[in-house]
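Structure data follow from start.csv (CSV, C-alpha atoms and all ligand atoms):
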chain,number,residue,atom,x,y,z
A,1,MET,CA,79.9,120.2,89.0
A,2,LYS,CA,81.9,120.5,92.3
A,3,HIS,CA,80.6,119.0,95.5
A,4,ALA,CA,82.1,119.2,99.0
A,5,THR,CA,80.9,117.1,102.0
A,6,LEU,CA,82.3,117.2,105.5
A,7,TYR,CA,81.7,114.3,107.9
A,8,ARG,CA,82.4,114.3,111.6
A,9,TYR,CA,83.3,111.2,113.4
A,10,SER,CA,83.7,110.3,117.0
A,11,LEU,CA,85.3,106.9,117.7
A,12,PRO,CA,85.7,105.2,121.1
A,13,MET,CA,89.2,104.5,122.2
A,14,ASP,CA,90.6,101.5,124.0
A,15,SER,CA,90.4,102.2,127.8
A,16,GLY,CA,94.1,102.9,128.5
A,17,VAL,CA,95.1,105.5,125.9
A,18,ILE,CA,96.8,108.4,127.7
A,19,LEU,CA,98.2,111.3,125.8
A,20,ARG,CA,100.6,113.6,127.6
A,21,HIS,CA,98.4,114.3,130.6
A,22,THR,CA,94.9,113.1,129.9
A,23,ARG,CA,93.1,110.0,129.0
A,24,LEU,CA,91.8,110.0,125.4
A,25,VAL,CA,88.3,108.5,125.7
A,26,ARG,CA,87.1,109.3,122.2
A,27,ARG,CA,88.9,110.4,119.1
A,28,ASP,CA,87.0,113.1,117.1
A,29,GLY,CA,87.9,114.1,113.6
A,30,LEU,CA,86.6,115.1,110.2
A,31,ILE,CA,86.6,113.5,106.8
A,32,VAL,CA,86.4,115.9,103.8
A,33,LYS,CA,85.1,114.5,100.6
A,34,LEU,CA,85.5,116.5,97.4
A,35,LYS,CA,83.9,115.7,94.0
A,36,ASN,CA,84.7,117.3,90.8
A,37,GLY,CA,82.7,115.7,88.0
A,38,GLU,CA,83.4,112.0,88.2
A,39,LYS,CA,86.6,112.5,90.3
A,40,VAL,CA,86.5,112.0,94.1
A,41,GLY,CA,89.1,112.8,96.8
A,42,ARG,CA,88.9,112.3,100.5
A,43,GLY,CA,91.2,113.4,103.4
A,44,GLU,CA,91.1,113.2,107.2
A,45,ILE,CA,91.4,116.2,109.5
A,46,ALA,CA,92.0,115.1,113.0
A,47,PRO,CA,93.9,117.5,115.3
A,48,LEU,CA,95.4,115.5,118.2
A,49,PRO,CA,94.6,117.0,121.6
A,50,GLU,CA,97.7,118.1,123.5
A,51,PHE,CA,99.8,117.8,120.3
A,52,SER,CA,98.0,120.0,117.8
A,53,THR,CA,97.7,123.7,118.4
A,54,GLU,CA,94.2,123.8,117.0
A,55,THR,CA,91.0,122.2,118.4
A,56,ILE,CA,88.6,120.1,116.4
A,57,GLU,CA,86.1,123.0,116.6
A,58,GLN,CA,88.6,125.5,115.2
A,59,ALA,CA,89.6,123.0,112.4
A,60,GLN,CA,85.9,122.5,111.5
A,61,THR,CA,85.2,126.2,111.3
A,62,GLN,CA,88.2,126.8,109.2
A,63,ILE,CA,87.6,123.9,106.7
A,64,GLU,CA,84.0,124.9,106.2
A,65,LEU,CA,85.2,128.4,105.2
A,66,TYR,CA,87.9,127.0,102.8
A,67,LEU,CA,85.6,124.4,101.3
A,68,ALA,CA,83.3,127.3,100.3
A,69,GLN,CA,86.3,129.1,98.8
A,70,TRP,CA,87.3,125.9,96.9
A,71,LEU,CA,83.8,125.6,95.5
A,72,GLU,CA,83.8,129.3,94.5
A,73,SER,CA,87.3,129.8,93.0
A,74,GLY,CA,89.5,126.7,93.6
A,75,GLU,CA,92.0,129.1,95.2
A,76,ILE,CA,93.4,128.2,98.6
A,77,ASP,CA,95.7,130.3,100.8
A,78,TRP,CA,97.7,127.4,102.3
A,79,GLU,CA,99.8,129.6,104.6
A,80,SER,CA,96.8,130.5,106.7
A,81,LEU,CA,95.6,127.0,107.4
A,82,TYR,CA,96.0,125.0,110.6
A,83,PRO,CA,98.3,122.0,110.0
A,84,SER,CA,95.6,119.3,110.4
A,85,VAL,CA,93.3,121.2,108.0
A,86,ALA,CA,96.1,121.8,105.4
A,87,PHE,CA,97.0,118.1,105.6
A,88,GLY,CA,93.5,116.7,105.2
A,89,LEU,CA,92.5,119.2,102.5
A,90,SER,CA,95.7,118.7,100.5
A,91,VAL,CA,95.3,114.9,100.6
A,92,ALA,CA,91.7,115.2,99.4
A,93,LEU,CA,92.8,117.5,96.5
A,94,ALA,CA,95.8,115.2,95.7
A,95,GLU,CA,93.4,112.2,95.7
A,96,LEU,CA,91.1,114.1,93.3
A,97,GLU,CA,94.0,114.4,90.9
A,98,GLY,CA,95.1,110.8,91.4
A,99,GLU,CA,98.5,111.9,92.7
A,100,ILE,CA,98.9,109.5,95.7
A,101,PRO,CA,99.8,106.0,94.5
A,102,ALA,CA,97.4,103.3,95.7
A,103,GLU,CA,99.9,100.9,97.2
A,104,GLY,CA,100.5,101.3,101.0
A,105,ASN,CA,103.3,100.3,103.3
A,106,PHE,CA,101.5,98.4,106.1
A,107,LEU,CA,104.7,97.0,107.7
A,108,ALA,CA,104.4,99.5,110.5
A,109,ALA,CA,106.8,99.2,113.4
A,110,PRO,CA,104.9,97.5,116.2
A,111,LEU,CA,104.3,99.7,119.2
A,112,CYS,CA,105.2,97.7,122.2
A,113,SER,CA,103.7,98.1,125.7
A,114,GLY,CA,106.5,96.3,127.4
A,115,ASP,CA,105.2,92.7,127.3
A,116,PRO,CA,108.0,90.7,125.5
A,117,ASP,CA,105.6,87.8,124.6
A,118,GLU,CA,103.3,90.2,122.8
A,119,LEU,CA,106.1,91.7,120.9
A,120,VAL,CA,107.6,88.3,119.9
A,121,GLU,CA,104.2,87.4,118.5
A,122,LYS,CA,103.9,90.7,116.6
A,123,LEU,CA,107.4,90.4,115.2
A,124,ALA,CA,106.9,86.9,114.0
A,125,GLU,CA,104.2,88.3,111.7
A,126,LEU,CA,106.5,91.0,110.3
A,127,LEU,CA,107.8,90.2,106.8
A,128,GLY,CA,110.4,93.0,106.4
A,129,GLU,CA,112.9,94.6,108.8
A,130,LYS,CA,112.3,93.7,112.4
A,131,VAL,CA,111.9,97.1,114.1
A,132,ALA,CA,109.7,97.9,117.0
A,133,LYS,CA,108.9,101.0,119.0
A,134,ILE,CA,108.9,101.3,122.8
A,135,LYS,CA,107.9,104.2,124.9
A,136,VAL,CA,110.4,105.1,127.6
A,137,GLY,CA,110.5,107.9,130.2
A,138,LEU,CA,107.2,106.8,131.8
A,139,TYR,CA,108.9,104.9,134.7
A,140,GLU,CA,112.4,104.9,136.2
A,141,PRO,CA,115.1,105.2,133.6
A,142,ILE,CA,116.8,102.1,135.0
A,143,ARG,CA,113.7,100.1,134.4
A,144,ASP,CA,113.6,101.3,130.8
A,145,GLY,CA,117.3,100.3,130.4
A,146,ILE,CA,116.6,96.8,131.6
A,147,VAL,CA,113.5,96.4,129.3
A,148,VAL,CA,115.6,97.6,126.3
A,149,ASN,CA,118.4,95.1,127.1
A,150,MET,CA,115.9,92.3,127.6
A,151,PHE,CA,114.3,92.8,124.2
A,152,LEU,CA,117.6,93.2,122.4
A,153,GLU,CA,119.0,90.1,124.1
A,154,ILE,CA,115.9,87.9,123.4
A,155,LEU,CA,115.6,89.0,119.8
A,156,PRO,CA,119.0,89.2,118.1
A,157,ASP,CA,117.6,90.5,114.8
A,158,LEU,CA,115.5,93.2,116.4
A,159,ARG,CA,116.2,97.0,116.1
A,160,LEU,CA,114.4,99.3,118.5
A,161,ARG,CA,113.0,102.8,118.1
A,162,LEU,CA,112.5,104.4,121.5
A,163,ASP,CA,110.5,107.5,122.4
A,164,ALA,CA,111.0,109.5,125.6
A,165,ASN,CA,108.9,112.5,124.6
A,166,ARG,CA,111.4,114.8,126.3
A,167,GLN,CA,110.8,113.3,129.7
A,168,TRP,CA,114.4,113.0,131.0
A,169,THR,CA,116.8,115.4,132.6
A,170,PRO,CA,120.4,114.8,131.4
A,171,ALA,CA,121.0,112.8,134.6
A,172,LYS,CA,118.1,110.5,134.0
A,173,ALA,CA,119.0,110.0,130.4
A,174,ALA,CA,122.5,109.1,131.5
A,175,GLN,CA,121.1,106.6,134.0
A,176,PHE,CA,119.2,105.0,131.2
A,177,ALA,CA,122.2,104.8,128.9
A,178,ASN,CA,124.3,103.3,131.7
A,179,TYR,CA,121.9,100.3,131.9
A,180,VAL,CA,122.0,99.6,128.2
A,181,ASN,CA,124.6,97.1,127.3
A,182,PRO,CA,127.2,99.0,125.1
A,183,ALA,CA,127.1,96.2,122.6
A,184,PHE,CA,123.4,96.8,122.1
A,185,ARG,CA,123.5,100.5,121.6
A,186,SER,CA,123.9,100.4,117.8
A,187,ARG,CA,120.7,98.4,117.6
A,188,ILE,CA,118.8,101.3,119.0
A,189,ALA,CA,117.8,102.7,115.6
A,190,PHE,CA,117.0,105.9,117.3
A,191,LEU,CA,115.7,107.4,120.6
A,192,GLU,CA,113.1,110.1,120.0
A,193,GLU,CA,113.5,113.3,122.1
A,194,PRO,CA,115.4,111.9,125.1
A,195,CYS,CA,115.7,115.2,127.0
A,196,GLN,CA,113.8,118.4,127.7
A,197,THR,CA,115.8,120.5,125.2
A,198,PRO,CA,117.3,119.6,121.8
A,199,GLU,CA,120.8,120.7,123.0
A,200,GLN,CA,120.6,118.3,126.0
A,201,SER,CA,119.4,115.5,123.7
A,202,LEU,CA,122.3,116.1,121.3
A,203,ALA,CA,124.8,116.1,124.2
A,204,PHE,CA,123.3,112.8,125.4
A,205,SER,CA,123.8,111.3,121.9
A,206,LYS,CA,127.4,112.5,121.8
A,207,GLU,CA,128.2,111.1,125.2
A,208,THR,CA,126.5,107.7,124.7
A,209,GLY,CA,126.7,107.0,121.0
A,210,ILE,CA,122.9,106.3,121.0
A,211,ALA,CA,121.4,107.8,117.8
A,212,ILE,CA,118.5,110.3,118.4
A,213,ALA,CA,115.5,111.5,116.3
A,214,TRP,CA,113.5,114.7,116.3
A,215,ASP,CA,109.7,114.6,116.7
A,216,GLU,CA,108.6,117.5,119.0
A,217,THR,CA,111.6,119.6,118.1
A,218,LEU,CA,110.4,119.8,114.5
A,219,ARG,CA,107.5,121.9,115.8
A,220,ASP,CA,109.6,124.3,117.9
A,221,GLU,CA,109.3,127.9,117.0
A,222,GLY,CA,112.0,128.9,114.4
A,223,PHE,CA,113.3,125.4,114.0
A,224,SER,CA,115.3,124.5,110.9
A,225,LEU,CA,116.6,121.1,110.2
A,226,GLN,CA,120.4,120.7,110.3
A,227,CYS,CA,122.9,117.9,110.3
A,228,LYS,CA,124.0,117.2,113.8
A,229,THR,CA,126.2,114.4,115.2
A,230,GLY,CA,124.0,111.6,116.4
A,231,LEU,CA,120.8,112.9,114.8
A,232,SER,CA,119.8,110.0,112.5
A,233,ALA,CA,116.1,110.5,111.8
A,234,ILE,CA,113.1,112.8,111.9
A,235,VAL,CA,109.6,111.5,112.8
A,236,ILE,CA,107.1,113.3,110.6
A,237,LYS,CA,103.5,113.4,111.8
A,238,PRO,CA,101.7,114.9,108.8
A,239,THR,CA,98.6,115.9,110.8
A,240,LEU,CA,100.9,118.1,112.9
A,241,VAL,CA,103.0,119.3,110.0
A,242,GLY,CA,100.7,120.6,107.3
A,243,SER,CA,100.1,120.2,103.6
A,244,LEU,CA,101.3,117.3,101.6
A,245,LYS,CA,103.7,119.7,99.9
A,246,THR,CA,105.2,120.7,103.2
A,247,VAL,CA,105.5,117.0,104.2
A,248,LYS,CA,107.2,116.2,100.9
A,249,ALA,CA,109.7,119.1,101.4
A,250,MET,CA,110.5,117.9,104.9
A,251,VAL,CA,111.1,114.3,103.7
A,252,GLU,CA,113.3,115.6,100.9
A,253,GLN,CA,115.3,117.8,103.2
A,254,ALA,CA,115.9,114.9,105.6
A,255,HIS,CA,117.0,112.6,102.8
A,256,THR,CA,119.4,115.3,101.4
A,257,LEU,CA,121.0,115.6,104.8
A,258,GLY,CA,121.4,111.9,105.0
A,259,MET,CA,118.8,111.3,107.6
A,260,GLU,CA,115.9,108.9,107.7
A,261,ALA,CA,112.4,110.3,107.5
A,262,VAL,CA,109.7,108.2,109.3
A,263,ILE,CA,106.1,108.9,108.5
A,264,SER,CA,104.2,108.5,111.8
A,265,SER,CA,100.7,108.5,113.1
A,266,SER,CA,98.9,111.2,115.1
A,267,ILE,CA,96.5,108.6,116.1
A,268,GLU,CA,94.3,109.1,113.1
A,269,SER,CA,91.3,106.7,112.4
A,270,SER,CA,92.0,103.6,110.3
A,271,PHE,CA,90.9,105.7,107.3
A,272,GLY,CA,93.6,108.2,108.0
A,273,LEU,CA,96.2,105.5,108.7
A,274,ASN,CA,95.5,103.9,105.4
A,275,THR,CA,96.3,107.2,103.7
A,276,LEU,CA,99.5,107.6,105.8
A,277,SER,CA,100.6,104.1,104.8
A,278,ARG,CA,100.3,105.1,101.1
A,279,ILE,CA,102.1,108.3,101.7
A,280,ALA,CA,104.9,106.4,103.5
A,281,HIS,CA,105.2,103.9,100.6
A,282,TRP,CA,105.3,106.8,98.2
A,283,LEU,CA,107.6,109.3,99.9
A,284,THR,CA,109.8,107.1,102.2
A,285,PRO,CA,110.1,103.7,100.4
A,286,GLY,CA,112.4,101.4,102.4
A,287,THR,CA,111.6,103.0,105.8
A,288,VAL,CA,109.2,101.3,108.1
A,289,PRO,CA,106.5,103.8,109.1
A,290,GLY,CA,105.3,104.4,112.6
A,291,LEU,CA,101.7,103.6,112.1
A,292,ASP,CA,100.9,100.8,114.6
A,293,THR,CA,98.2,102.8,116.4
A,294,VAL,CA,94.9,101.3,115.2
A,295,SER,CA,94.7,99.0,118.3
A,296,LEU,CA,94.4,102.1,120.5
A,297,PHE,CA,90.8,102.4,119.1
A,298,GLY,CA,87.6,100.6,119.9
A,299,GLU,CA,86.3,101.0,116.3
A,300,GLN,CA,87.7,101.5,112.8
A,301,LEU,CA,86.4,104.0,110.2
A,302,GLU,CA,85.5,103.4,106.6
A,303,GLN,CA,88.6,101.5,105.6
A,304,ALA,CA,90.0,98.6,107.7
A,305,TRP,CA,93.6,98.4,108.6
A,306,PRO,CA,95.0,95.1,107.4
A,307,GLY,CA,94.7,92.4,110.0
A,308,CYS,CA,92.7,94.5,112.4
A,309,GLU,CA,89.4,92.9,113.5
A,310,LEU,CA,87.9,95.8,115.3
A,311,PRO,CA,84.3,96.7,114.1
A,312,LEU,CA,84.1,99.0,111.1
A,313,LYS,CA,82.0,102.1,111.1
A,314,THR,CA,81.3,103.6,107.7
A,315,LEU,CA,81.0,107.3,106.7
A,316,THR,CA,77.3,106.8,106.2
A,317,ASP,CA,77.1,106.2,109.9
A,318,CYS,CA,78.7,109.6,110.6
A,319,GLU,CA,77.1,113.0,110.8
A,320,VAL,CA,77.3,115.2,107.7
A,321,VAL,CA,78.2,118.6,109.3
A,322,TRP,CA,78.5,120.6,106.1
A,323,GLN,CA,77.9,120.2,102.4
A,324,ALA,CA,77.5,122.4,99.3
A,325,HIS,CA,78.0,122.3,95.6
A,326,GLN,CA,78.7,124.7,92.8
A,401,LIG,O1,105.5,106.8,115.9
A,401,LIG,C1,104.9,105.7,116.0
A,401,LIG,O2,105.5,104.6,115.8
A,401,LIG,C2,103.5,105.7,116.5
A,401,LIG,C3,102.9,107.0,116.9
A,401,LIG,C4,103.4,107.4,118.3
A,401,LIG,O3,104.2,106.8,118.9
A,401,LIG,C5,102.8,108.6,118.8
A,401,LIG,C6,101.7,109.3,118.2
A,401,LIG,C7,101.1,110.3,118.8
A,401,LIG,C8,101.4,110.8,120.1
A,401,LIG,C9,102.4,110.1,120.9
A,401,LIG,O4,101.7,109.3,121.8
A,401,LIG,C10,103.4,109.2,120.1
A,401,LIG,C11,104.7,110.0,119.9
A,401,LIG,O5,105.0,110.8,120.8
A,401,LIG,O6,105.4,109.9,118.9
A,402,MG,MG,107.4,110.8,119.4
Kindly transcribe the structure held in the file into structure tokens.
Ligand SMILES: O=C(O)CCC(=O)C1=CC=C[C@@H](O)[C@@H]1C(=O)O
Ligand SMILES: [Mg+2]
Amino acid sequence: MKHATLYRYSLPMDSGVILRHTRLVRRDGLIVKLKNGEKVGRGEIAPLPEFSTETIEQAQTQIELYLAQWLESGEIDWESLYPSVAFGLSVALAELEGEIPAEGNFLAAPLCSGDPDELVEKLAELLGEKVAKIKVGLYEPIRDGIVVNMFLEILPDLRLRLDANRQWTPAKAAQFANYVNPAFRSRIAFLEEPCQTPEQSLAFSKETGIAIAWDETLRDEGFSLQCKTGLSAIVIKPTLVGSLKTVKAMVEQAHTLGMEAVISSSIESSFGLNTLSRIAHWLTPGTVPGLDTVSLFGEQLEQAWPGCELPLKTLTDCEVVWQAHQ
């Protein structure tokens, strides 16, 4: 017998979480649970406001329709699904078939707010490669340059990932680079999306020797991944990409082109982050994933993130919004 259950969660966020333009006060998402005989598979569907094209309501309407189809025939038309729905549903189905290995990579790159003491503490706990991520582009580029120099100077074995979310004009990006000690530039593992267009970002990398990575660009209309001078990595947010099959193909393409593929969070609950850490360990072994986002929450869901002491809400505390069996 086949069963499908859909839970909806709403978790409080830490007070200071700001997405592009708005404060994220609560994080809403869905957990789909499939049962086929004794086998169980679960996946999270959590479109991220301002990043996903679909809303949680649209995602919910769509998954309810497709769950009914799965119960009926097992057939799914993947092409027509929203990315967050395709990802969560494909994970639940893969879990059902035991395809995702259990071991996770929890050595996520610490997200750093700019306080060096806090980062030193977080890095001391890291067992593997010392790599951290800092947001840039929120304040003056000169300030960002100074902060980057400071971290790289204080911590000689640190490598940094930076993320400007396309905030800089070419002039501002150049100002930033001017402030980074040239001897430190190779320790910037990559700078995600420095400028407003991919062409400007590539020109910036050529001029400065600072490696760059695509995140937003991966979702540009008509985008196809190509080898470019200075482009060293792609940052894959599965919730924004689509099915596990699409995520796998993207990782394989990056690796074939000699680029790093970094599995990164779209601020999923601790349940979704656990799944992503397993996907990272499975598909991108040897690369530190970008999953240090659980501390943005006020509560965890169903599965705790290692070392996180936030209260844990279980699925039984969540509303069942749809269920059926066949
Ligand atoms: O990539 C990581 O290390 C953590 C995730 C992260 O930085 C982000 C997740 C979601 C939205 C953004 O705020 C941000 C990003 O732009 O990459
Ligand atoms: Mg990014």
Exercise. Using only C-alpha atoms, give me every residue within 10 Å of (94.1, 114.6, 94.8) in file coordinates, as JSON, numbers by chain.
Key: {"A": [34, 39, 40, 41, 42, 43, 89, 90, 91, 92, 93, 94, 95, 96, 97, 98, 99, 100]}
Quiz item: What lies within 7 Å of Ser269 (chain A) using all atoms listed in the file, ignoring chain neighbours under 3 positions off, as a ChimeraX atom specification?
Solution: /A:272-273,300-301
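Here atom C7 of ligand LIG 401 (chain A) is placed at a distance of 9.5 Å from CA of Leu291 (chain A).
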Quiz prompt | Within 9 Å of ligand MG 402 (chain A) (all atoms listed in the file), residues as a VMD selection string | solution = chain A and resid 135 162 to 166 192 to 193 213 to 216 235 237 264
With 5 Å added on each side, what axis-aligned box encloses every listed atom of ligand LIG 401 (chain A)? Give the centre and edge lengths in Å to one decimal, as lines of an AutoDock Vina configuration file.
center_x = 103.3
center_y = 107.7
center_z = 118.8
size_x = 14.4
size_y = 16.2
size_z = 16.0
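Closest approach to Thr208 (chain A) from the set A:Leu127, A:Ile142, A:Leu240, A:Ala173 is made by A:Ala173, with distances taken over all atoms listed in the file.
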With a cut-off of 6 Å, could you pull out the residues of chain A touching ligand LIG 401 (chain A) and give me the nearest pair of atoms for each, distance in Å to one decimal, using all atoms listed in the file, ordered by chain and ascending number, as JSON lines?
{"residue": "A:Leu19", "atom": "CA", "partner": "A:LIG401", "partner_atom": "O4", "distance": 5.7}
{"residue": "A:Lys133", "atom": "CA", "partner": "A:LIG401", "partner_atom": "O2", "distance": 5.9}
{"residue": "A:Asn165", "atom": "CA", "partner": "A:LIG401", "partner_atom": "O5", "distance": 5.7}
{"residue": "A:Ser264", "atom": "CA", "partner": "A:LIG401", "partner_atom": "O1", "distance": 4.6}
{"residue": "A:Ser265", "atom": "CA", "partner": "A:LIG401", "partner_atom": "C3", "distance": 4.6}
{"residue": "A:Ser266", "atom": "CA", "partner": "A:LIG401", "partner_atom": "C7", "distance": 4.4}
{"residue": "A:Ile267", "atom": "CA", "partner": "A:LIG401", "partner_atom": "C7", "distance": 5.6}
{"residue": "A:Gly290", "atom": "CA", "partner": "A:LIG401", "partner_atom": "O2", "distance": 3.2}
{"residue": "A:Leu291", "atom": "CA", "partner": "A:LIG401", "partner_atom": "C2", "distance": 5.2}
{"residue": "A:Asp292", "atom": "CA", "partner": "A:LIG401", "partner_atom": "C2", "distance": 5.9}
Quiz item: Cys308 (chain A): which residues within 12 Å, counting all atoms listed in the file, same-chain residues fewer than 6 positions away excluded, as a PyMOL selection string?
Solution: chain A and resi 106+270+292-301
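Interatomic distance, CA of Glu64 (chain A) to CA of Lys33 (chain A): 11.9 Å.
The space between CA of Ile76 (chain A) and CA of Gly29 (chain A) spans 21.3 Å.
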Exercise. Determine, counting all atoms listed in the file, every residue of protein, DNA or RNA that lies within 10 Å of (84.5, 122.6, 111.9) in the file coordinates, then give the result as a ChimeraX atom specification.
Key: /A:6-8,29-30,45,55-65,85,321-322
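Closest to Met13 (chain A) among A:Asp317, A:Glu268, A:Ile188, A:Asn274 is A:Glu268, based on only C-alpha atoms.
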Practice problem: Would you please work out which residue, of A:His255, A:Lys245, A:Lys2, A:Lys122, is nearest to Glu79 (chain A) when using all atoms listed in the file? | Solution: A:Lys245
Quiz item: Using all atoms listed in the file, which residues sit within 10 Å of Glu103 (chain A) once same-chain residues fewer than 4 positions away are excluded, as an NGL selection string?
Solution: :A and (274-275 or 277-282)
Quiz item: Which one is closest to Val241 (chain A): A:Leu24, A:Cys112, A:Ala211, A:Ala86? Count only C-alpha atoms.
Solution: A:Ala86
